[in-house]
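Novice: Let me give you the structure first, and then I'll get to my questions.
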Number of protein chains: 2
Amino acid sequence: MAHSREAVLETLKEFLRFPSVSTDPAHAPDVRRAAEFTAGLLRSAGLDARLVESEGNHPLVRADWMGAPGKPTLLLYGHFDVQPPDPLDEWTSPPFEPEVRNGDIFARGACDDKGQVLIQIEALARLLSERGSLPVNVKILYEGEEETGGQHVTAYLAAHADELAADAALVCDTEMFAPDLPTICTGLRGIVYGELLVEGARTDLHSGVYGGAAPNPIQALATILAELKDRDGRIRIPGFLDRVRPPSPEERAAWARLPFDEAEYLEKEIGAPSLVGDPAIPVLERVWAQPTLEVHGIRGGFTGEGAKTVIPARALAKVSMRLVADQDPAEAAAMLSAAVERVCPPGVRAKYTAFHSGAPSLIDPSSPFIRAAASALTETFGVETVYMRSGGSIPIVGLFQKHLGIPSVLMGFGLPDDNLHAPNEKFHLENLHRGIDATARYLAKLGE
Amino acid sequence: MAHSREAVLETLKEFLRFPSVSTDPAHAPDVRRAAEFTAGLLRSAGLDARLVESEGNHPLVRADWMGAPGKPTLLLYGHFDVQPPDPLDEWTSPPFEPEVRNGDIFARGACDDKGQVLIQIEALARLLSERGSLPVNVKILYEGEEETGGQHVTAYLAAHADELAADAALVCDTEMFAPDLPTICTGLRGIVYGELLVEGARTDLHSGVYGGAAPNPIQALATILAELKDRDGRIRIPGFLDRVRPPSPEERAAWARLPFDEAEYLEKEIGAPSLVGDPAIPVLERVWAQPTLEVHGIRGGFTGEGAKTVIPARALAKVSMRLVADQDPAEAAAMLSAAVERVCPPGVRAKYTAFHSGAPSLIDPSSPFIRAAASALTETFGVETVYMRSGGSIPIVGLFQKHLGIPSVLMGFGLPDDNLHAPNEKFHLENLHRGIDATARYLAKLGE
């Protein structure tokens with residue numbers, strides 16, 4: 001028997017209560033609990049799920065259902081870890097106490113990616129409950145490190161390519177272009193993420209006594225960041241843009257037909273005085289097909305209440321680059337490191353250290369696995385499916401291509417205003433249920 | 001009977017144990033305890049000390065000894081509040097558990113300014129104990145807000161100018177040019193201290209989804225800071241340098257004779273790859289007679305462990321300007337605010353808000369109060385007294401000039417490596433005792 005909408009919602013709430021923040025070692029037990037919960041859901045659906053351990057990493061969840069000989073094998077991927085919830089004081093309801101308001105469920109991980117993991121599992125549960133079997137063979141690979149570089153899954157994929165052999169992957173971790181507009185994502189940006197550390201004097205110094213002669217690492221860090229990216233947002237790392245592949249004329253034309261209003265986007269999604277970037281490049285192309293250099297955090301010196309007249313000894317910034325085809329993460333990281341050293345002003349030492357990276361990916365829309373997905377979505381939503389790219393990074397897609405040689409179908413059910421990685425993350429409940437319908441329909445089509 | 005060296009040291013240790021951090025409201029009770037302790041020391045010395053209250057501010061400590069009619073009146077100033085002690089993990093011994101190592105006492109406030117307040121009080125105690133009276137009239141004005149803008153003392157000075165009438169002020173809050181080299185300071189830089197806030201989108205955004213179109217306040221803050229000060233350290237605020245008065249040729253010549261070794265200064269005091277600033281201007285002139293624009297702290301976005309791919313909604317920097325004669329704090333603050341708005345890049349709003357300020361000051365070395373001090377110092381140390389300026393700011397000196405019309409004698413006993421405002425602040429115990437000797441001798445000379 002398929003689960004009722006109410007039962008699915010209660011399961012999702014339970015799932016969302018685990019603060020499975022993978023970047024914070026203090027939350028490792030919560031990530032594990034989320035893994036065990038996920039495995040439990042798969043077992044309830046009828047799959048023989050297990051945790052895969054690796055010293056020092058969060059566990060994976062694996063399961064196989066291979067009872068459809070002669071039919072395709074689909075690798076289902078998702079992640080049960082979440083982004084850190086801070087700044088906490090900007091949440092309307094606490095991030096790990098899910099609350100439904102106006103048809104949306106609010107919690108960290110609601111959309112990214114617990115809600116969409118649940119879509120896959122509930123689709124399997126429904127098919128197994130209704131038919132006693134699945135229309136295709138299925139392999140499950142869920143991880144708990146998607147938000148922190150996916151070390152475990154990367155090593156596992158490299159070591160277990162035979163075990164994971166499949167015809168295609170289904171990844172539910174992207175968004176729809178607009179509410180009620182079924183969407184398949186055909187491109188993802190890659191990423192290089194790291195820290196830029198600037199060091200000056202041996203110790204903090206009094207700004208009165210030494211100001212004017214002692215180097216200031218915060219000022220130097222500002223100088224470096226400003227040299228790497230000009231005031232109009234142009235990235236100035238030599239060679240960085242050389243490999244950027246422009247979208248095809250067909251792709252540009254299709255994007256131009258999407259329902260996109262720049263003024264509304266600025267007003268509703270961004271809420272800043274204006275957008276940034278080269279006005280000659282359409283906004284969608286800027287976020288889908290152009291690389292970025294972005295500062296995610298900065299700290300240095302005294303930032304408490306009041307005043308402290310110190311010249312700090314060091315300053316630090318978290319800096320990433322989003323990459324597009326055909327850029328290479330290792331090459332981009334090396335270019336940034338070299339550029340940092342080149343533009344570093346006198347008096348300080350500066351070094352960029354990359355933590356993790358993922359390659360960009362482009363997927364061929366003519367694949368039968370994409371066509372079946374588009375058809376399942378169109379039937380579920382009653383609207384023609386559109387193709388977009390995503391500015392985000394899902395490094396696993398590049399790894400599936402590299403280790404398994406398979407394409408990934410990016411069929412996602414998030415909405416543009418779901419506040420991923422920000423306070424008040426949400427997931428539209430109607431999309432949770434349509435996602436389950438579409439996924440079950442997709443598997444059925446693949447098995448025909 | 002004068003106190004023994006051991007007794008003075010024990011008193012200083014007790015004084016240093018109060019974590020009287022005036023910038024942190026949580027430490028307000030500790031600032032009050034330090035005030036009460038200071039008043040108690042004055043009473044033990046034989047003065048009728050009292051606390052002066054003001055709603056919402058830390059108390060002042062006041063006392064008068066007017067038993068020398070016909071003799072000059074000296075206003076003794078110091079402060080019993082201290083800088084915040086962070087970063088805590090860089091202290092060898094805890095900041096509020098004073099420890100003597102190798103002839104130095106280590107604690108926050110050891111030199112700035114509790115050790116030097118104690119010098120004044122012990123000098124009074126010795127004179128009163130030895131003579132039964134003081135050689136001059138004395139007014140005491142000690143505050144607990146020197147490190148946070150001196151709101152209370154500023155208002156008190158304006159309202160009680162008659163009560164505080166004096167012939168000169170004695171301020172012990174500066175340093176000697178070198179160990180064993182008695183020094184009088186004839187100039188101080190002023191200061192404007194405030195916050196530079198940059199705001200972009202309404203909320204934190206996912207850098208994958210929005211990166212390339214959404215403004216980044218950290219990047220914008222970096223751009224603003226880099227526009228305000230170029231990579232060689234030149235301040236680029238229009239008009240900012242117009243009122244800077246160059247040192248006299250005599251002053252420049254005297255500074256050139258001071259025992260100063262730039263390589264040793266870089267190696268021992270700074271410990272950075274190189275100094276910064278215009279190489280055409282001597283280092284001492286850069287820190288004594290040139291203004292600065294300095295970032296003391298910066299924060300924005302995610303700075304915890306690991307990675308978070310967020311575009312933050314805002315970023316903040318603590319920014320000050322040190323000013324020299326004849327710059328004006330209000331004018332400089334207005335110039336900086338205007339410059340920030342002018343260079344602010346697209347997509348964000350930026351605003352500089354000044355918290356507190358103090359005027360720069362220059363003191364005439366021919367004043368009889370300065371000559372007597374130089375003579376007392378030379379006799380105590382057995383070495384000719386030198387004149388320097390200080391790059392630091394003691395706004396009270398400007399206020400004494402403004403409200404009381406009196407010059408300040410800046411006779412300080414700190415050393416250049418005393419780590420003011422930094423971890424491991426210390427005070428050289430020999431200078432504590434020579435300071436008491438010199439101060440007692442100075443008062444005696446003024447009374448002759």
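Ligands are numbered from 1 in the order shown, residues from 1 within each chain, and chains are lettered A, B, ... in the order they appear in the structure tokens.
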Can you pull out the residues contacting A:Leu157? Cut-off 12 Å, using only C-alpha atoms, and skip same-chain residues under 2 positions away; I want them as an MDAnalysis selection string.
Specialist: chainID A and resid 60 62 75 141:143 150:155 159:165 396:405
Novice: From a backbone DSSP assignment, name each residue in stretch 181-384 of chain A labelled alpha helix (DSSP H), as a PDB file with C-alpha atoms, in the first residue's frame.
Specialist:
ATOM      1  CA  SER A 207      47.414  50.662  15.571  1.00  0.00           C
ATOM      2  CA  GLY A 208      48.497  53.929  17.155  1.00  0.00           C
ATOM      3  CA  VAL A 209      52.063  52.898  17.814  1.00  0.00           C
ATOM      4  CA  TYR A 210      52.626  51.012  14.545  1.00  0.00           C
ATOM      5  CA  PRO A 217      46.597  41.718   6.658  1.00  0.00           C
ATOM      6  CA  ILE A 218      42.937  42.740   6.396  1.00  0.00           C
ATOM      7  CA  GLN A 219      43.811  45.626   4.101  1.00  0.00           C
ATOM      8  CA  ALA A 220      46.084  43.286   2.134  1.00  0.00           C
ATOM      9  CA  LEU A 221      43.325  40.688   1.868  1.00  0.00           C
ATOM     10  CA  ALA A 222      40.960  43.398   0.599  1.00  0.00           C
ATOM     11  CA  THR A 223      43.580  44.464  -1.941  1.00  0.00           C
ATOM     12  CA  ILE A 224      44.015  40.882  -3.168  1.00  0.00           C
ATOM     13  CA  LEU A 225      40.255  40.295  -3.487  1.00  0.00           C
ATOM     14  CA  ALA A 226      39.825  43.589  -5.320  1.00  0.00           C
ATOM     15  CA  GLU A 227      42.683  42.762  -7.696  1.00  0.00           C
ATOM     16  CA  LEU A 228      41.217  39.339  -8.484  1.00  0.00           C
ATOM     17  CA  PRO A 249      22.876  29.082 -30.197  1.00  0.00           C
ATOM     18  CA  GLU A 250      19.970  26.616 -29.630  1.00  0.00           C
ATOM     19  CA  GLU A 251      20.537  26.651 -25.882  1.00  0.00           C
ATOM     20  CA  ARG A 252      20.667  30.451 -25.785  1.00  0.00           C
ATOM     21  CA  ALA A 253      17.443  30.644 -27.792  1.00  0.00           C
ATOM     22  CA  ALA A 254      15.688  28.149 -25.485  1.00  0.00           C
ATOM     23  CA  TRP A 255      16.810  30.081 -22.386  1.00  0.00           C
ATOM     24  CA  ALA A 256      15.522  33.303 -23.914  1.00  0.00           C
ATOM     25  CA  ARG A 257      12.057  31.685 -24.151  1.00  0.00           C
ATOM     26  CA  GLU A 262      14.924  40.301 -14.535  1.00  0.00           C
ATOM     27  CA  ALA A 263      13.224  43.015 -12.488  1.00  0.00           C
ATOM     28  CA  GLU A 264      11.124  40.456 -10.628  1.00  0.00           C
ATOM     29  CA  VAL A 283      21.365  36.862 -16.337  1.00  0.00           C
ATOM     30  CA  LEU A 284      20.598  33.157 -16.868  1.00  0.00           C
ATOM     31  CA  GLU A 285      23.780  32.735 -18.839  1.00  0.00           C
ATOM     32  CA  ARG A 286      25.711  34.540 -16.086  1.00  0.00           C
ATOM     33  CA  VAL A 287      24.575  32.078 -13.417  1.00  0.00           C
ATOM     34  CA  TRP A 288      24.472  28.933 -15.602  1.00  0.00           C
ATOM     35  CA  ALA A 289      27.303  29.222 -18.116  1.00  0.00           C
ATOM     36  CA  PRO A 329      39.239  22.306 -11.177  1.00  0.00           C
ATOM     37  CA  ALA A 330      42.928  21.533 -10.604  1.00  0.00           C
ATOM     38  CA  GLU A 331      44.000  23.978 -13.272  1.00  0.00           C
ATOM     39  CA  ALA A 332      41.665  26.694 -11.939  1.00  0.00           C
ATOM     40  CA  ALA A 333      42.917  26.198  -8.364  1.00  0.00           C
ATOM     41  CA  ALA A 334      46.512  26.514  -9.546  1.00  0.00           C
ATOM     42  CA  MET A 335      45.650  29.688 -11.481  1.00  0.00           C
ATOM     43  CA  LEU A 336      44.013  31.238  -8.407  1.00  0.00           C
ATOM     44  CA  SER A 337      46.946  30.295  -6.152  1.00  0.00           C
ATOM     45  CA  ALA A 338      49.384  31.843  -8.590  1.00  0.00           C
ATOM     46  CA  ALA A 339      47.265  34.973  -9.000  1.00  0.00           C
ATOM     47  CA  VAL A 340      47.040  35.437  -5.212  1.00  0.00           C
ATOM     48  CA  GLU A 341      50.805  35.343  -4.898  1.00  0.00           C
ATOM     49  CA  ARG A 342      51.230  37.671  -7.863  1.00  0.00           C
ATOM     50  CA  VAL A 343      48.890  40.402  -6.569  1.00  0.00           C
ATOM     51  CA  PRO A 368      16.754   8.010 -23.901  1.00  0.00           C
ATOM     52  CA  PHE A 369      17.058   8.340 -20.109  1.00  0.00           C
ATOM     53  CA  ILE A 370      16.509  12.088 -20.406  1.00  0.00           C
ATOM     54  CA  ARG A 371      13.654  11.667 -22.901  1.00  0.00           C
ATOM     55  CA  ALA A 372      11.794   9.251 -20.616  1.00  0.00           C
ATOM     56  CA  ALA A 373      12.233  11.622 -17.684  1.00  0.00           C
ATOM     57  CA  ALA A 374      10.901  14.559 -19.678  1.00  0.00           C
ATOM     58  CA  SER A 375       7.909  12.480 -20.689  1.00  0.00           C
ATOM     59  CA  ALA A 376       7.195  11.366 -17.085  1.00  0.00           C
ATOM     60  CA  LEU A 377       7.410  14.955 -15.870  1.00  0.00           C
ATOM     61  CA  THR A 378       5.166  16.273 -18.637  1.00  0.00           C
ATOM     62  CA  GLU A 379       2.517  13.660 -17.818  1.00  0.00           C
ATOM     63  CA  THR A 380       2.695  14.382 -14.096  1.00  0.00           C
ATOM     64  CA  PHE A 381       2.562  18.165 -14.337  1.00  0.00           C
TER      65      PHE A 381
END
Novice: With only C-alpha atoms considered, list every residue of chain B at most 6 Å from chain A, as a ChimeraX atom specification.
Specialist: /B:23,200-202,204-206,208-209,211-215,222-223,226,231,270-277,286-287,292,296-303,306,310-311,345,347-348,391-392,420-422
Novice: Could you name the residues that touch A:Ser93 at 10 Å or less, counting only C-alpha atoms, but leaving out those on the same chain fewer than 4 positions away, as a count of residues only?
Specialist: 10
Novice: B:Ile436: which residues within 8 Å, counting only C-alpha atoms, same-chain residues fewer than 6 positions away excluded, as a PyMOL selection string?
Specialist: chain B and resi 119-120+122-123
Novice: How would the residues just chosen look if you wrote them out with C-alpha atoms as a short mmCIF file (atom, residue, chain, number, x, y, z; two decimals), in the first residue's frame?
Specialist:
data_model
loop_
_atom_site.label_atom_id
_atom_site.label_comp_id
_atom_site.auth_asym_id
_atom_site.auth_seq_id
_atom_site.Cartn_x
_atom_site.Cartn_y
_atom_site.Cartn_z
CA ILE B 119 53.21 55.28 39.46
CA GLN B 120 51.31 58.51 40.08
CA GLU B 122 52.71 55.77 44.71
CA ALA B 123 54.59 59.03 44.06
#
Novice: Closest to A:Ala34 among A:Asp104, A:Gly144, A:Thr92, A:Val52, using only C-alpha atoms?
Specialist: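 Residue with the minimum atom-to-atom distance to A:Ala34: A:Gly144.
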Novice: Going by DSSP on the backbone, which bits of stretch 196-252 of chain B are strand (DSSP E)? Write them as number ranges by chain, please.
Specialist: B: 196-199, 205-206
Novice: Can you work out the spacing between atom CA of A:Leu47 and atom CA of A:Arg434 in Å, to one decimal?
Specialist: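 Separation of atom CA of A:Leu47 and atom CA of A:Arg434: 22.6 Å.
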Novice: Counting only C-alpha atoms, figure out which residue out of A:Val31, A:Leu323, A:Met388, A:Val82 gets nearest to A:Glu146.
Specialist: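 Ranked by minimum distance to A:Glu146, first place goes to A:Val82.
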Novice: I'd like to know which of B:Gly103, B:Pro179, B:Gly132, B:Gly40 is closest to B:Leu9, using only C-alpha atoms.
Specialist: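 For B:Leu9, the nearest of the candidates is B:Gly103.
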Novice: Could you list, as a VMD selection string, every residue within 10 Å of A:Leu118, counting only C-alpha atoms and ignoring same-chain residues fewer than 3 positions away?
Specialist: chain A and resid 8 to 9 11 to 12 15 38 41 to 42 78 80 113 to 115 121 to 124 172 432 435 to 436
Novice: Can you tell me how far atom CA of A:Leu258 sits from atom CA of A:Ile235, in Å to one decimal?
Specialist: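 These atoms are spaced 27.6 Å apart.
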Novice: Rounded to one decimal place, report the atom CA of B:Pro69-atom CA of B:Val138 distance in Å.
Specialist: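 Separation between atom CA of B:Pro69 and atom CA of B:Val138: 11.1 Å.
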